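Visitor: Below is the file work_19.cif, which contains mmCIF, C-alpha atoms.
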data_upload
#
loop_
_atom_site.label_atom_id
_atom_site.label_comp_id
_atom_site.auth_asym_id
_atom_site.auth_seq_id
_atom_site.Cartn_x
_atom_site.Cartn_y
_atom_site.Cartn_z
CA MET A 197 94.93 156.26 141.95
CA LYS A 198 98.56 155.41 141.35
CA HIS A 199 98.25 152.24 143.43
CA ARG A 200 95.15 151.24 141.47
CA SER A 201 97.03 151.69 138.20
CA ILE A 202 99.86 149.54 139.51
CA ARG A 203 97.38 146.84 140.57
CA HIS A 204 95.73 146.92 137.14
CA SER A 205 99.11 146.65 135.42
CA ALA A 206 100.08 143.74 137.65
CA ALA A 207 96.75 142.02 136.97
CA LEU A 208 97.15 142.53 133.23
CA THR A 209 100.70 141.19 133.32
CA THR A 210 99.54 138.14 135.27
CA ALA A 211 96.66 137.55 132.85
CA LEU A 212 98.99 137.75 129.86
CA ALA A 213 101.45 135.39 131.50
CA VAL A 214 98.71 132.87 132.27
CA THR A 215 97.34 133.14 128.74
CA ALA A 216 100.80 132.59 127.27
CA ALA A 217 101.35 129.59 129.51
CA CYS A 218 97.96 128.07 128.76
CA SER A 219 97.70 128.88 125.04
CA PRO A 220 99.41 125.66 123.91
CA LEU A 221 96.80 123.73 125.87
CA LEU A 222 94.01 125.69 124.16
CA TRP A 223 95.12 125.22 120.57
CA ARG A 224 97.54 122.30 120.74
CA ARG A 225 94.92 119.61 120.11
CA ARG A 226 93.59 121.50 117.10
CA CYS A 227 97.13 122.03 115.85
CA LEU A 228 97.94 118.33 116.12
CA THR A 229 94.64 117.11 114.62
CA TRP A 230 94.02 119.61 111.81
CA GLY A 231 91.34 118.32 109.44
CA ALA A 232 90.84 115.06 111.35
CA THR A 233 87.61 113.76 112.79
CA ARG A 234 87.68 112.43 116.34
CA GLY A 235 87.60 108.88 114.96
CA GLU A 236 90.54 109.55 112.65
CA ALA A 237 92.58 111.24 115.38
CA LEU A 238 92.03 108.39 117.84
CA GLY A 239 91.84 105.50 115.37
CA GLY A 240 94.62 103.06 114.62
CA MET A 241 96.82 103.24 111.54
CA PRO A 242 99.47 100.99 109.98
CA GLY A 243 102.74 101.87 111.70
CA ASP A 244 101.33 102.73 115.13
CA GLN A 245 103.08 99.65 116.47
CA PHE A 246 106.53 101.13 115.87
CA LEU A 247 106.13 103.91 118.47
CA PRO A 248 103.01 103.02 120.45
CA SER A 249 103.80 105.33 123.39
CA ALA A 250 105.16 108.33 121.50
CA PRO A 251 104.58 111.52 123.54
CA VAL A 252 103.93 113.60 120.42
CA VAL A 253 101.41 112.35 117.86
CA SER A 254 99.90 114.48 115.11
CA THR A 255 97.13 113.28 112.80
CA ARG A 256 96.26 115.65 109.95
CA VAL A 257 93.77 114.84 107.24
CA ILE A 258 92.43 116.21 103.96
CA THR A 259 89.68 115.11 101.54
CA ILE A 260 90.78 114.68 97.94
CA ASP A 261 88.31 114.48 95.07
CA ALA A 262 90.09 111.57 93.42
CA PRO A 263 90.43 107.82 94.10
CA PRO A 264 93.42 106.37 96.00
CA LYS A 265 95.07 105.16 92.77
CA ALA A 266 95.31 108.79 91.61
CA ILE A 267 96.97 109.88 94.87
CA TRP A 268 99.38 107.00 95.45
CA PRO A 269 101.97 107.98 92.79
CA TRP A 270 102.39 111.39 94.42
CA LEU A 271 103.07 109.77 97.80
CA VAL A 272 105.65 107.20 96.69
CA GLN A 273 107.76 109.75 94.82
CA MET A 274 107.95 112.17 97.75
CA GLY A 275 111.33 113.02 99.20
CA ALA A 276 114.38 115.22 98.92
CA GLY A 277 116.08 114.72 95.57
CA ARG A 278 112.93 112.95 94.36
CA GLY A 279 109.48 114.45 93.78
CA GLY A 280 109.77 116.93 96.63
CA ALA A 281 107.44 117.55 99.56
CA TYR A 282 104.77 119.67 97.80
CA SER A 283 105.17 122.22 100.58
CA TYR A 284 107.21 125.44 100.88
CA ASP A 285 110.38 124.44 99.05
CA TRP A 286 112.22 127.60 100.03
CA ILE A 287 111.72 126.81 103.71
CA GLU A 288 112.75 123.18 103.22
CA ASN A 289 115.91 124.31 101.43
CA LEU A 290 116.88 126.70 104.23
CA PHE A 291 117.64 123.48 106.12
CA GLY A 292 119.60 122.04 103.20
CA LEU A 293 116.97 119.46 102.20
CA ASN A 294 117.42 119.92 98.44
CA THR A 295 113.67 119.88 97.90
CA HIS A 296 112.16 120.74 94.52
CA SER A 297 108.46 119.85 94.30
CA THR A 298 107.36 118.57 90.93
CA ASN A 299 103.97 118.87 89.28
CA GLU A 300 104.45 115.64 87.36
CA ILE A 301 104.46 111.93 88.19
CA LEU A 302 108.06 110.78 87.82
CA PRO A 303 108.33 107.14 86.61
CA GLU A 304 111.88 106.77 87.93
CA PHE A 305 110.64 107.19 91.51
CA GLN A 306 107.59 104.92 91.38
CA ASP A 307 109.36 101.65 92.24
CA LEU A 308 109.52 102.20 95.99
CA ALA A 309 110.17 99.10 98.11
CA VAL A 310 110.24 98.15 101.77
CA GLY A 311 113.72 98.84 103.11
CA ASP A 312 114.46 101.76 100.77
CA VAL A 313 116.13 104.68 102.53
CA GLN A 314 115.66 108.41 102.08
CA ARG A 315 117.82 111.03 103.79
CA LEU A 316 116.37 114.37 104.86
CA GLY A 317 119.30 116.66 104.14
CA ARG A 318 123.00 116.04 104.76
CA LYS A 319 122.62 115.87 108.52
CA GLY A 320 118.97 114.93 108.71
CA PRO A 321 117.52 111.57 109.75
CA ARG A 322 117.53 108.58 107.43
CA MET A 323 113.96 107.43 106.81
CA ARG A 324 113.46 103.80 105.87
CA VAL A 325 110.30 102.43 104.22
CA ALA A 326 108.78 100.18 106.88
CA ILE A 327 105.35 99.44 105.37
CA LEU A 328 104.32 99.63 101.73
CA ASP A 329 100.75 98.66 100.87
CA PRO A 330 100.13 100.09 97.36
CA GLY A 331 97.07 102.28 97.14
CA HIS A 332 96.49 102.07 100.88
CA ALA A 333 99.39 102.73 103.26
CA LEU A 334 102.96 104.02 103.30
CA VAL A 335 105.00 104.17 106.51
CA LEU A 336 108.48 105.65 106.92
CA ARG A 337 110.56 105.06 110.04
CA SER A 338 113.75 106.86 111.04
CA GLU A 339 116.70 104.58 111.60
CA ASP A 340 117.16 105.93 115.14
CA GLY A 341 113.59 104.86 115.92
CA ALA A 342 112.53 108.32 117.12
CA TRP A 343 110.17 109.24 114.27
CA VAL A 344 107.48 107.36 112.36
CA TRP A 345 105.65 109.04 109.47
CA GLN A 346 102.48 107.27 108.36
CA PHE A 347 100.22 107.81 105.37
CA GLU A 348 96.90 106.08 104.81
CA LEU A 349 94.39 106.42 101.98
CA PHE A 350 90.80 105.81 103.02
CA PRO A 351 88.40 105.62 100.03
CA LEU A 352 85.05 107.41 100.03
CA ASP A 353 82.15 107.12 97.58
CA ASP A 354 83.32 110.27 95.78
CA GLY A 355 86.93 110.71 96.84
CA THR A 356 89.58 109.81 99.39
CA ARG A 357 90.63 110.81 102.88
CA LEU A 358 94.40 111.21 103.01
CA ILE A 359 95.65 110.75 106.57
CA SER A 360 99.14 111.83 107.59
CA ARG A 361 100.34 110.88 111.07
CA ASN A 362 103.64 111.66 112.76
CA ARG A 363 104.78 109.85 115.89
CA ILE A 364 107.81 111.44 117.56
CA ILE A 365 109.82 110.74 120.67
CA THR A 366 112.61 112.93 122.08
CA PRO A 367 115.05 111.15 124.40
CA HIS A 368 115.41 112.88 127.79
CA PRO A 369 113.33 115.98 126.91
CA SER A 370 113.91 119.06 129.05
CA LEU A 371 111.32 121.66 129.98
CA ARG A 372 112.98 124.03 127.52
CA SER A 373 112.78 121.53 124.66
CA LYS A 374 109.13 120.77 125.49
CA ALA A 375 108.29 124.49 125.44
CA PHE A 376 110.14 124.95 122.15
CA SER A 377 108.22 122.03 120.66
CA ALA A 378 104.84 123.36 121.83
CA TYR A 379 105.42 126.98 120.80
CA ALA A 380 107.48 126.56 117.63
CA VAL A 381 107.93 123.04 116.26
CA GLU A 382 104.31 121.88 116.37
CA PRO A 383 102.79 125.07 114.86
CA GLY A 384 105.58 125.09 112.27
CA SER A 385 104.89 121.47 111.36
CA LEU A 386 101.22 122.32 110.85
CA ILE A 387 102.10 125.11 108.43
CA MET A 388 104.36 122.85 106.39
CA GLU A 389 102.16 119.75 106.51
CA ARG A 390 98.98 121.65 105.68
CA LYS A 391 100.70 123.05 102.59
CA MET A 392 101.90 119.52 101.72
CA LEU A 393 98.41 118.03 102.00
CA PHE A 394 96.92 120.77 99.83
CA GLY A 395 99.83 120.31 97.40
CA ILE A 396 99.02 116.61 97.01
CA LYS A 397 95.31 117.37 96.73
CA GLN A 398 95.77 119.95 93.97
CA ARG A 399 98.13 117.74 91.96
CA ALA A 400 96.07 114.56 92.28
CA GLU A 401 92.78 116.27 91.44
CA ALA A 402 94.23 118.14 88.46
CA LEU A 403 95.71 115.00 86.92
CA TYR A 404 92.63 112.91 87.67
CA ARG A 405 90.42 115.42 85.85
CA GLU A 406 92.58 114.94 82.76
CA VAL A 407 93.05 111.16 82.83
CA PRO A 408 89.40 109.98 82.75
CA ALA A 409 88.80 112.07 79.63
CA GLU A 410 91.51 110.26 77.66
CA PRO A 411 89.85 106.80 77.50
CA LEU A 412 86.59 108.54 76.54
CA ARG A 413 88.27 110.36 73.66
CA ALA A 414 89.89 107.10 72.53
CA LYS A 415 86.51 105.36 72.58
CA GLU A 416 84.90 108.18 70.60
CA SER A 417 87.71 108.03 68.02
CA ALA A 418 87.24 104.28 67.61
CA GLU A 419 83.50 104.76 67.10
CA ASP A 420 84.16 107.45 64.49
CA CYS A 421 86.45 105.08 62.62
CA GLU A 422 83.75 102.42 62.63
CA LEU A 423 81.19 104.87 61.27
CA ARG A 424 83.52 106.01 58.49
CA SER A 425 84.31 102.40 57.51
#
Step by step, read the file and then write its structure as structure tokens.
Guide:
Amino acid sequence: MKHRSIRHSAALTTALAVTAACSPLLWRRRCLTWGATRGEALGGMPGDQFLPSAPVVSTRVITIDAPPKAIWPWLVQMGAGRGGAYSYDWIENLFGLNTHSTNEILPEFQDLAVGDVQRLGRKGPRMRVAILDPGHALVLRSEDGAWVWQFELFPLDDGTRLISRNRIITPHPSLRSKAFSAYAVEPGSLIMERKMLFGIKQRAEALYREVPAEPLRAKESAEDCELRS
């Protein structure tokens, strides 16, 4: 009986070890492609050419009930010391990123240009604007060439698909660093990026619901003036 219990314990321990070892394989694809269709996950995007053989590629997508022009201002003002990341600011600031997400479109940060540089914290990477296609695509590339962050707006009949892709390469990765990436960095990036995508969605949709009503009210006021005259 005692031997049987030992065998069962050993079998359970082995099963748990195998599950722990295999779990990244089971959920990693879903983690890296949250919200994306197969076509979006495998399809090309502006900026792919900068790191075509990156070992880590995430493509995460959300549908926003607003046109690209209503989403674009929120993208171009993103960044530490700018409009923020629309994610968990308190987590961002634990790493000294000085992130404060705004709920407004900030005119002073709308004139983004190719070559502009943003720094992620005091010791973080410097991200340079590599591609800027207003209303369609924004690509940031780290100056060390190890990270490319791509955004693309794909219009639908009644909204927009916002695609966010990260391409990352780690020079001379060890088994320990690969395990840390699979178990901690990638799930953590999903938590932060999912919050960011929903943050952009909520802000863009809220403002878009307000803006279309303004021209209508102006038109109605003009018609009232004509009737009174």
Visitor: Neighbouring residues of region 349-358 of chain A were defined as those with any atom within 6 Å, considering all atoms listed in the file; residues of the same chain fewer than 5 positions away were excluded. Please report them as an MDAnalysis selection string.
Guide: chainID A and resid 257:263 332
Visitor: Within 12 Å of Leu238 (chain A), counting all atoms listed in the file, which residues show up once you throw out same-chain ones fewer than 5 positions away? Write them as a list of chain:residue names, please.
Guide: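 My reading of the contact set: A:Arg225, A:Leu228, A:Thr229, A:Ala232, A:Thr233, A:Asp244, A:Val253, A:Ser254, A:Thr255, A:Arg256, A:Arg361.
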Visitor: From the set A:Pro321, A:Gly277, A:Pro330, A:Pro269, which residue has the shortest atom-to-atom contact distance to Val344 (chain A), counting all atoms listed in the file?
Guide: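 Going through A:Pro321, A:Gly277, A:Pro330, A:Pro269 one by one, the smallest distance to Val344 (chain A) is for A:Pro321.
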Visitor: Let me make sure I understand: among A:Gly311, A:Pro264, A:Gly331, A:Gly292, which one has the smallest atom-to-atom distance to Ala400 (chain A) if we use only C-alpha atoms?
Guide: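 Counting only C-alpha atoms, the residue closest to Ala400 (chain A) is A:Pro264.
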Visitor: Enter the distance from CA of Ile301 (chain A) to CA of Ile396 (chain A), in Å, rounded to one decimal.
Guide: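 Spanning CA of Ile301 (chain A) to CA of Ile396 (chain A) is a straight-line distance of 11.4 Å.
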Visitor: Please, can region 238-272 of chain A be completed to N, CA and C atoms and returned as a JSON list (two decimals), keeping the file's coordinate frame?
Guide:
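So the final result, stored in part_31.json, reads:
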[["chain", "number", "residue", "atom", "x", "y", "z"],
["A", 238, "LEU", "N", 91.85, 109.41, 116.82],
["A", 238, "LEU", "CA", 92.03, 108.39, 117.84],
["A", 238, "LEU", "C", 92.17, 106.98, 117.25],
["A", 239, "GLY", "N", 91.83, 106.83, 115.99],
["A", 239, "GLY", "CA", 91.84, 105.50, 115.37],
["A", 239, "GLY", "C", 93.24, 104.99, 115.07],
["A", 240, "GLY", "N", 93.35, 103.68, 114.92],
["A", 240, "GLY", "CA", 94.62, 103.06, 114.62],
["A", 240, "GLY", "C", 95.00, 103.21, 113.15],
["A", 241, "MET", "N", 96.30, 103.17, 112.89],
["A", 241, "MET", "CA", 96.82, 103.24, 111.54],
["A", 241, "MET", "C", 97.99, 102.27, 111.40],
["A", 242, "PRO", "N", 98.26, 101.80, 110.19],
["A", 242, "PRO", "CA", 99.47, 100.99, 109.98],
["A", 242, "PRO", "C", 100.70, 101.79, 110.41],
["A", 243, "GLY", "N", 101.54, 101.19, 111.22],
["A", 243, "GLY", "CA", 102.74, 101.87, 111.70],
["A", 243, "GLY", "C", 102.66, 102.32, 113.14],
["A", 244, "ASP", "N", 101.46, 102.33, 113.72],
["A", 244, "ASP", "CA", 101.33, 102.73, 115.13],
["A", 244, "ASP", "C", 102.18, 101.84, 116.04],
["A", 245, "GLN", "N", 102.36, 100.61, 115.62],
["A", 245, "GLN", "CA", 103.08, 99.65, 116.47],
["A", 245, "GLN", "C", 104.56, 99.98, 116.64],
["A", 246, "PHE", "N", 105.10, 100.83, 115.78],
["A", 246, "PHE", "CA", 106.53, 101.13, 115.87],
["A", 246, "PHE", "C", 106.86, 102.09, 117.02],
["A", 247, "LEU", "N", 105.93, 102.99, 117.34],
["A", 247, "LEU", "CA", 106.13, 103.91, 118.47],
["A", 247, "LEU", "C", 104.81, 104.05, 119.21],
["A", 248, "PRO", "N", 104.35, 103.01, 119.85],
["A", 248, "PRO", "CA", 103.01, 103.02, 120.45],
["A", 248, "PRO", "C", 102.84, 104.04, 121.58],
["A", 249, "SER", "N", 103.91, 104.40, 122.26],
["A", 249, "SER", "CA", 103.80, 105.33, 123.39],
["A", 249, "SER", "C", 104.48, 106.66, 123.12],
["A", 250, "ALA", "N", 104.52, 107.05, 121.85],
["A", 250, "ALA", "CA", 105.16, 108.33, 121.50],
["A", 250, "ALA", "C", 104.46, 109.49, 122.20],
["A", 251, "PRO", "N", 105.21, 110.40, 122.82],
["A", 251, "PRO", "CA", 104.58, 111.52, 123.54],
["A", 251, "PRO", "C", 103.98, 112.57, 122.61],
["A", 252, "VAL", "N", 104.46, 112.64, 121.39],
["A", 252, "VAL", "CA", 103.93, 113.60, 120.42],
["A", 252, "VAL", "C", 103.37, 112.84, 119.22],
["A", 253, "VAL", "N", 102.08, 113.00, 118.99],
["A", 253, "VAL", "CA", 101.41, 112.35, 117.86],
["A", 253, "VAL", "C", 100.54, 113.38, 117.16],
["A", 254, "SER", "N", 100.76, 113.59, 115.89],
["A", 254, "SER", "CA", 99.90, 114.48, 115.11],
["A", 254, "SER", "C", 99.20, 113.65, 114.04],
["A", 255, "THR", "N", 97.92, 113.95, 113.84],
["A", 255, "THR", "CA", 97.13, 113.28, 112.80],
["A", 255, "THR", "C", 96.41, 114.36, 112.01],
["A", 256, "ARG", "N", 96.83, 114.58, 110.79],
["A", 256, "ARG", "CA", 96.26, 115.65, 109.95],
["A", 256, "ARG", "C", 95.70, 115.03, 108.68],
["A", 257, "VAL", "N", 94.53, 115.53, 108.28],
["A", 257, "VAL", "CA", 93.77, 114.84, 107.24],
["A", 257, "VAL", "C", 93.19, 115.84, 106.24],
["A", 258, "ILE", "N", 93.06, 115.39, 104.99],
["A", 258, "ILE", "CA", 92.43, 116.21, 103.96],
["A", 258, "ILE", "C", 91.60, 115.30, 103.06],
["A", 259, "THR", "N", 90.51, 115.84, 102.51],
["A", 259, "THR", "CA", 89.68, 115.11, 101.54],
["A", 259, "THR", "C", 90.13, 115.48, 100.14],
["A", 260, "ILE", "N", 90.34, 114.47, 99.32],
["A", 260, "ILE", "CA", 90.78, 114.68, 97.94],
["A", 260, "ILE", "C", 89.73, 114.11, 97.00],
["A", 261, "ASP", "N", 89.34, 114.91, 96.02],
["A", 261, "ASP", "CA", 88.31, 114.48, 95.07],
["A", 261, "ASP", "C", 88.93, 113.64, 93.96],
["A", 262, "ALA", "N", 89.47, 112.51, 94.35],
["A", 262, "ALA", "CA", 90.09, 111.57, 93.42],
["A", 262, "ALA", "C", 90.24, 110.24, 94.16],
["A", 263, "PRO", "N", 90.29, 109.13, 93.44],
["A", 263, "PRO", "CA", 90.43, 107.82, 94.10],
["A", 263, "PRO", "C", 91.86, 107.61, 94.59],
["A", 264, "PRO", "N", 92.07, 106.64, 95.48],
["A", 264, "PRO", "CA", 93.42, 106.37, 96.00],
["A", 264, "PRO", "C", 94.47, 106.14, 94.92],
["A", 265, "LYS", "N", 94.09, 105.46, 93.82],
["A", 265, "LYS", "CA", 95.07, 105.16, 92.77],
["A", 265, "LYS", "C", 95.61, 106.43, 92.11],
["A", 266, "ALA", "N", 94.85, 107.53, 92.19],
["A", 266, "ALA", "CA", 95.31, 108.79, 91.61],
["A", 266, "ALA", "C", 96.19, 109.57, 92.57],
["A", 267, "ILE", "N", 96.19, 109.19, 93.83],
["A", 267, "ILE", "CA", 96.97, 109.88, 94.87],
["A", 267, "ILE", "C", 98.27, 109.15, 95.15],
["A", 268, "TRP", "N", 98.23, 107.83, 95.08],
["A", 268, "TRP", "CA", 99.38, 107.00, 95.45],
["A", 268, "TRP", "C", 100.68, 107.38, 94.76],
["A", 269, "PRO", "N", 100.70, 107.63, 93.45],
["A", 269, "PRO", "CA", 101.97, 107.98, 92.79],
["A", 269, "PRO", "C", 102.64, 109.22, 93.38],
["A", 270, "TRP", "N", 101.82, 110.18, 93.84],
["A", 270, "TRP", "CA", 102.39, 111.39, 94.42],
["A", 270, "TRP", "C", 103.03, 111.10, 95.77],
["A", 271, "LEU", "N", 102.50, 110.12, 96.49],
["A", 271, "LEU", "CA", 103.07, 109.77, 97.80],
["A", 271, "LEU", "C", 104.41, 109.05, 97.65],
["A", 272, "VAL", "N", 104.46, 108.04, 96.76],
["A", 272, "VAL", "CA", 105.65, 107.20, 96.69],
["A", 272, "VAL", "C", 106.86, 107.94, 96.12]]
